[in-house]
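Some notes on the structure that comes next.
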Amino acid sequence: MKVLEVFGEPIASGGQEAFAFNVLRHIDRRDLTIDFFTPYSCTNGTYRQLISDCGGKLFCAGLPFAPGSSRGNIIRPLTEVLKKERYDAVHIHSGSTTVLAYASLAAHRCGVKNIIVHSHVAAPRESWKHRLIKAWGACFFRRYPTQFCACSLAAGESKFPDDIVRTRLRVINNGIDLSRFAFNHEKRAEIRRILNISRHTLLLGHVGRFSEQKNHRFDLEILEELKKKSVTDIRLLWIGEGELEDELRRLAAEKGLQDVVIFQGVVMNVEDFLQAMDVFLLPSLFEGLGIVGVEAQAVGLPVLVSDRIPQDLKLTESVRFLPLGNAELWSDEILRHRGERHSENPVLIREKGYDISQTAAEVRALYVS
């Protein structure tokens, strides 16, 4: 059986990619050939190698990535791959309604029998634009996909018609490899040495693309509040890359925080860097779920997240939902919970169904159904 994983964004280091490649590592592939397609580019060498090691192909169409613009130009390159390779199942991953719609249309036209659309993002706020796009997408979703998935109920409701959500939506948990995230004192000390910070330094962490959605600017507001409280031995670790990086570097310098913020770039061993943190921040404006929030819980960190993130993320008592716009409250919560570690979290997360072996089995069932 041949399966094509279709992405609506470049293949880099985001949550959608983390989900798909976690599954690839753990799914039973004995009778599966799994290929990958993006209309854009793949900048992640580790993922390129993993696809090859697992016997798959990677197709990159090389289109310019322009979030917010029309995505109709993805139909032609995707159609070319589908006609040439002839897939039994197509699994479409995106936070974009238009990508899910157009890709399902292309798969239908090419005769694919099993067309799976998978929403990874919930809309930031219900607006006239979102309602219009959702109504437009419904015309596609009622005709072309055969299966509907989302990382949370909110992510499904954001993209698909209400009747489909009620009767056909399957929530697929963003499972992780829990064995990689168990707290490790030695790894914590090693990463802190690499970062050149002492064991006493308060280290905050945020993992995510430098984009509007992830709301890194709010991290800097939190740092300013902590400085007002005379907290001086502190660092903020940013892991990621993205279009706002230069702007964020300038903003940190303007605020006098250039020596406090660590721009670490993309790392493929996020679990090791999580070990070194004291508090994890996720002040996103919107998320489908926030897989990195699951990973931070698995390490046992206090996890402070915005109240715009689905409540599904709260798998343990480590998570606290806080309103945006009140950086002082966030700073108070950081000082209140710094140093906490919840060693029981991996067991609780597995019981909630977020072990990658469970997720991989569910995804396999989508393909062979």
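FYI, nothing fancy with the structure tokens labels: chains A, B, ... in order, residues from 1 per chain, ligands from 1 as they appear.
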Selection: 9 Å around Ser343 (chain A), only C-alpha atoms, excl. self and same-chain fewer than 4 positions, as an NGL selection string = :A and (182-183 or 298-300 or 347)
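Around region 267-271 of chain A, within 9 Å and counting only C-alpha atoms, the residues found are Ser13, Thr46, Arg180, Phe181, Ala182, Val207, Ile239, Gly240, Gln264, Leu274, Gln275, Val292, Glu295, Ala296 and Val299 of chain A, once anything fewer than 3 positions away on its own chain is removed.
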Deliver the residues from the most recent selection as a file, using N, CA, C and O atoms, as a tab-separated table (two decimals), in the first residue's frame.
chain	number	residue	atom	x	y	z
A	13	SER	N	10.54	22.49	11.02
A	13	SER	CA	10.63	21.95	12.38
A	13	SER	C	9.38	22.26	13.19
A	13	SER	O	9.44	22.37	14.42
A	46	THR	N	17.40	16.19	8.80
A	46	THR	CA	17.09	14.98	9.57
A	46	THR	C	15.86	14.28	9.02
A	46	THR	O	15.82	13.05	8.88
A	180	ARG	N	11.77	9.35	25.56
A	180	ARG	CA	12.77	10.40	25.28
A	180	ARG	C	12.64	11.58	26.23
A	180	ARG	O	13.55	12.41	26.32
A	181	PHE	N	11.52	11.69	26.94
A	181	PHE	CA	11.25	12.92	27.69
A	181	PHE	C	11.28	12.74	29.21
A	181	PHE	O	11.03	13.69	29.94
A	182	ALA	N	11.58	11.55	29.69
A	182	ALA	CA	11.70	11.38	31.14
A	182	ALA	C	12.81	12.27	31.68
A	182	ALA	O	13.88	12.40	31.07
A	207	VAL	N	9.47	27.04	22.67
A	207	VAL	CA	9.82	26.34	21.44
A	207	VAL	C	8.74	26.62	20.41
A	207	VAL	O	7.56	26.35	20.65
A	239	ILE	N	13.85	28.44	21.02
A	239	ILE	CA	14.24	27.41	20.07
A	239	ILE	C	13.31	27.50	18.87
A	239	ILE	O	12.10	27.38	19.00
A	240	GLY	N	13.89	27.73	17.69
A	240	GLY	CA	13.09	27.84	16.49
A	240	GLY	C	13.72	28.76	15.47
A	240	GLY	O	14.83	29.29	15.66
A	264	GLN	N	18.55	29.99	20.10
A	264	GLN	CA	19.23	28.71	19.91
A	264	GLN	C	19.08	28.16	18.50
A	264	GLN	O	19.83	27.28	18.09
A	274	LEU	N	14.62	20.84	26.83
A	274	LEU	CA	13.53	20.94	27.81
A	274	LEU	C	14.02	20.56	29.20
A	274	LEU	O	13.59	21.14	30.20
A	275	GLN	N	14.94	19.60	29.27
A	275	GLN	CA	15.47	19.17	30.56
A	275	GLN	C	16.10	20.34	31.31
A	275	GLN	O	16.05	20.41	32.54
A	292	VAL	N	4.31	20.66	21.54
A	292	VAL	CA	5.46	20.92	22.41
A	292	VAL	C	5.00	21.10	23.85
A	292	VAL	O	5.78	20.86	24.79
A	295	GLU	N	5.10	17.70	25.24
A	295	GLU	CA	6.48	17.31	25.52
A	295	GLU	C	6.99	17.95	26.80
A	295	GLU	O	7.67	17.30	27.61
A	296	ALA	N	6.66	19.23	27.01
A	296	ALA	CA	7.10	19.91	28.23
A	296	ALA	C	6.47	19.28	29.47
A	296	ALA	O	7.11	19.18	30.52
A	299	VAL	N	8.36	16.08	30.45
A	299	VAL	CA	9.60	16.34	31.20
A	299	VAL	C	9.29	16.68	32.66
A	299	VAL	O	10.16	16.56	33.52
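When CA of Val279 (chain A) is paired with CA of Leu236 (chain A), their separation reads 9.8 Å.
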Please identify every residue of region 232-304 of chain A that has at least one atom no farther than 8 Å from an atom of region 104-120 of chain A, counting only C-alpha atoms, and for each give the shortest atom pair and the distance in Å to one decimal, arranged by chain then increasing number, as JSON lines.
{"residue": "A:Glu287", "atom": "CA", "partner": "A:His120", "partner_atom": "CA", "distance": 7.9}
{"residue": "A:Gly288", "atom": "CA", "partner": "A:His120", "partner_atom": "CA", "distance": 5.0}
{"residue": "A:Leu289", "atom": "CA", "partner": "A:His120", "partner_atom": "CA", "distance": 7.6}
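Minimum distance to Ala361 (chain A) across A:Ser306, A:Ser198, A:Gln147, A:Asn173 (counting only C-alpha atoms) occurs at A:Asn173.
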Excluding Glu157 (chain A) and any residue of its chain fewer than 2 positions from it, enumerate the residues within 10 Å of it, using only C-alpha atoms, and give them as a ChimeraX atom specification.
-> /A:119,122-123,134,150,152-155,159-166,169
Write the residues you've just listed into a file as a JSON list (two decimals), in the first residue's frame, and include N, CA, C and O atoms for each of them.
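So selection_35.json came out as:
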[["chain", "number", "residue", "atom", "x", "y", "z"],
["A", 119, "SER", "N", -6.77, 18.46, 10.30],
["A", 119, "SER", "CA", -6.60, 19.84, 10.76],
["A", 119, "SER", "C", -5.67, 19.89, 11.97],
["A", 119, "SER", "O", -5.89, 19.20, 12.96],
["A", 122, "ALA", "N", -6.45, 25.46, 15.22],
["A", 122, "ALA", "CA", -7.76, 26.07, 15.45],
["A", 122, "ALA", "C", -7.68, 27.55, 15.08],
["A", 122, "ALA", "O", -6.65, 28.18, 15.25],
["A", 123, "ALA", "N", -8.78, 28.09, 14.56],
["A", 123, "ALA", "CA", -8.80, 29.50, 14.16],
["A", 123, "ALA", "C", -8.54, 30.39, 15.37],
["A", 123, "ALA", "O", -9.00, 30.10, 16.47],
["A", 134, "LYS", "N", -14.62, 29.05, 5.86],
["A", 134, "LYS", "CA", -15.16, 27.78, 6.33],
["A", 134, "LYS", "C", -16.35, 27.35, 5.47],
["A", 134, "LYS", "O", -16.49, 26.17, 5.12],
["A", 150, "ALA", "N", -8.40, 15.59, 13.32],
["A", 150, "ALA", "CA", -7.91, 16.83, 13.91],
["A", 150, "ALA", "C", -7.13, 16.49, 15.16],
["A", 150, "ALA", "O", -7.33, 15.43, 15.77],
["A", 152, "SER", "N", -7.35, 18.18, 17.86],
["A", 152, "SER", "CA", -8.23, 18.50, 18.98],
["A", 152, "SER", "C", -9.62, 18.76, 18.42],
["A", 152, "SER", "O", -9.78, 19.00, 17.21],
["A", 153, "LEU", "N", -10.61, 18.74, 19.28],
["A", 153, "LEU", "CA", -11.96, 19.05, 18.82],
["A", 153, "LEU", "C", -12.03, 20.46, 18.27],
["A", 153, "LEU", "O", -12.67, 20.72, 17.24],
["A", 154, "ALA", "N", -11.35, 21.40, 18.94],
["A", 154, "ALA", "CA", -11.35, 22.79, 18.48],
["A", 154, "ALA", "C", -10.76, 22.92, 17.08],
["A", 154, "ALA", "O", -11.25, 23.70, 16.25],
["A", 155, "ALA", "N", -9.71, 22.17, 16.79],
["A", 155, "ALA", "CA", -9.09, 22.21, 15.46],
["A", 155, "ALA", "C", -10.03, 21.67, 14.40],
["A", 155, "ALA", "O", -10.05, 22.14, 13.27],
["A", 159, "LYS", "N", -12.34, 23.99, 11.11],
["A", 159, "LYS", "CA", -12.19, 23.75, 9.67],
["A", 159, "LYS", "C", -13.40, 23.11, 9.02],
["A", 159, "LYS", "O", -13.72, 23.43, 7.87],
["A", 160, "PHE", "N", -14.06, 22.20, 9.70],
["A", 160, "PHE", "CA", -15.03, 21.35, 9.03],
["A", 160, "PHE", "C", -16.47, 21.73, 9.39],
["A", 160, "PHE", "O", -16.72, 22.28, 10.47],
["A", 161, "PRO", "N", -17.44, 21.41, 8.52],
["A", 161, "PRO", "CA", -18.85, 21.68, 8.80],
["A", 161, "PRO", "C", -19.31, 20.97, 10.08],
["A", 161, "PRO", "O", -18.81, 19.91, 10.44],
["A", 162, "ASP", "N", -20.28, 21.56, 10.74],
["A", 162, "ASP", "CA", -20.73, 21.05, 12.04],
["A", 162, "ASP", "C", -21.21, 19.60, 11.96],
["A", 162, "ASP", "O", -20.97, 18.81, 12.87],
["A", 163, "ASP", "N", -21.92, 19.24, 10.89],
["A", 163, "ASP", "CA", -22.44, 17.88, 10.79],
["A", 163, "ASP", "C", -21.31, 16.86, 10.64],
["A", 163, "ASP", "O", -21.40, 15.75, 11.19],
["A", 164, "ILE", "N", -20.24, 17.26, 9.95],
["A", 164, "ILE", "CA", -19.09, 16.37, 9.82],
["A", 164, "ILE", "C", -18.38, 16.22, 11.17],
["A", 164, "ILE", "O", -17.96, 15.13, 11.56],
["A", 165, "VAL", "N", -18.26, 17.32, 11.90],
["A", 165, "VAL", "CA", -17.63, 17.27, 13.22],
["A", 165, "VAL", "C", -18.41, 16.33, 14.15],
["A", 165, "VAL", "O", -17.83, 15.52, 14.88],
["A", 166, "ARG", "N", -19.73, 16.41, 14.09],
["A", 166, "ARG", "CA", -20.56, 15.59, 14.98],
["A", 166, "ARG", "C", -20.49, 14.11, 14.65],
["A", 166, "ARG", "O", -20.51, 13.27, 15.56],
["A", 169, "LEU", "N", -15.81, 13.20, 12.54],
["A", 169, "LEU", "CA", -14.48, 13.66, 12.96],
["A", 169, "LEU", "C", -13.84, 12.68, 13.93],
["A", 169, "LEU", "O", -14.47, 12.21, 14.88]]
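Counting from CA of Arg199 (chain A), the distance to CA of Arg320 (chain A) is 24.7 Å.
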Mind giving me the straight-line distance from CA of Glu212 (chain A) to CA of Lys255 (chain A) in Å, one decimal?
->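 These two atoms are separated by 19.0 Å.
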Sel. of helix (DSSP H, G or I) residues, region 240-275 of chain A, as JSON, numbers by chain | {"A": [245, 246, 247, 248, 249, 250, 251, 252, 253, 254, 270, 271, 272, 273, 274, 275]}
Polymer residues at most 7 Å from region 357-359 of chain A, only C-alpha atoms, same-chain spacing of 3 or more positions, as a list of chain:residue names |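 Final neighbour list, sorted by chain and number: A:His26, A:Ile172, A:Asn173, A:Gly175, A:Gly353, A:Tyr354, A:Glu362, A:Val363.
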As an NGL selection string, please: all residues of region 94-329 of chain A that backbone DSSP puts in strand (DSSP E).
-> :A and (94 or 114-119 or 147-150 or 169-171 or 202-207 or 234-239 or 261-265 or 279-282 or 303-306 or 319-322)
Given only C-alpha atoms as the counted atoms, nearest of A:Asn196, A:Ser41, A:Ala89, A:Val99 to Thr146 (chain A) = A:Ala89
Contacts of Met1 (chain A) at 8 Å or less, counting only C-alpha atoms, minus same-chain residues fewer than 2 places along, as a PyMOL selection string?
-> chain A and resi 3+31-33+87-88
Output the selection as a tab-separated table (two decimals), in the first residue's frame - all heavy atoms for each residue.
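Saved as part-v9.tsv:
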chain	number	residue	atom	x	y	z
A	3	VAL	N	1.19	5.34	0.50
A	3	VAL	CA	0.58	6.47	1.20
A	3	VAL	C	1.40	7.72	0.92
A	3	VAL	O	2.64	7.67	0.94
A	3	VAL	CB	0.53	6.22	2.72
A	3	VAL	CG1	-0.08	7.42	3.45
A	3	VAL	CG2	-0.25	4.95	3.04
A	31	ASP	N	3.80	-3.34	5.36
A	31	ASP	CA	3.13	-3.37	4.07
A	31	ASP	C	2.82	-1.96	3.57
A	31	ASP	O	1.94	-1.77	2.73
A	31	ASP	CB	1.85	-4.19	4.14
A	31	ASP	CG	0.91	-3.70	5.24
A	31	ASP	OD1	1.34	-2.84	6.04
A	31	ASP	OD2	-0.24	-4.17	5.31
A	32	LEU	N	3.54	-0.96	4.08
A	32	LEU	CA	3.31	0.43	3.72
A	32	LEU	C	4.55	1.05	3.08
A	32	LEU	O	5.67	0.84	3.55
A	32	LEU	CB	2.94	1.27	4.94
A	32	LEU	CG	1.65	0.93	5.71
A	32	LEU	CD1	1.51	1.86	6.91
A	32	LEU	CD2	0.44	1.04	4.79
A	33	THR	N	4.35	1.82	2.02
A	33	THR	CA	5.37	2.72	1.49
A	33	THR	C	4.85	4.13	1.72
A	33	THR	O	3.76	4.48	1.24
A	33	THR	CB	5.60	2.49	0.00
A	33	THR	OG1	6.07	1.16	-0.20
A	33	THR	CG2	6.63	3.48	-0.54
A	87	TYR	N	-1.26	6.59	-5.60
A	87	TYR	CA	-1.33	6.27	-4.16
A	87	TYR	C	-2.68	5.66	-3.77
A	87	TYR	O	-3.72	6.00	-4.35
A	87	TYR	CB	-1.07	7.52	-3.33
A	87	TYR	CG	0.36	8.00	-3.44
A	87	TYR	CD1	0.72	9.01	-4.33
A	87	TYR	CD2	1.36	7.40	-2.69
A	87	TYR	CE1	2.02	9.42	-4.44
A	87	TYR	CE2	2.68	7.81	-2.80
A	87	TYR	CZ	3.01	8.82	-3.69
A	87	TYR	OH	4.31	9.21	-3.81
A	88	ASP	N	-2.63	4.79	-2.79
A	88	ASP	CA	-3.85	4.20	-2.23
A	88	ASP	C	-4.50	5.13	-1.22
A	88	ASP	O	-5.73	5.11	-1.05
A	88	ASP	CB	-3.52	2.86	-1.55
A	88	ASP	CG	-2.89	1.88	-2.51
A	88	ASP	OD1	-3.61	1.39	-3.41
A	88	ASP	OD2	-1.69	1.60	-2.37
Point out the residue among A:Phe210, A:Phe263, A:Asn215, A:Lys227 with the least atom-to-atom distance to Glu245 (chain A), counting only C-alpha atoms.
->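 So, comparing all the options, the nearest one is A:Phe210.
If you measure from each of A:Leu202, A:Leu329, A:Leu178, A:Leu100 to Glu225 (chain A) using only C-alpha atoms, the closest one turns out to be A:Leu329.
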For Leu282 (chain A), which of A:Asp219, A:Asp233, A:Glu224, A:Glu344 is the closest residue, counting only C-alpha atoms?
->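 Counting only C-alpha atoms, the residue closest to Leu282 (chain A) is A:Asp219.
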Skipping near chain neighbours, those fewer than 3 positions away, what residues fall within 12 Å of Pro283 (chain A) using only C-alpha atoms, listed as a ChimeraX atom specification?
-> /A:205-208,212-222,280,286-287,290,293,303-309,320-327,330
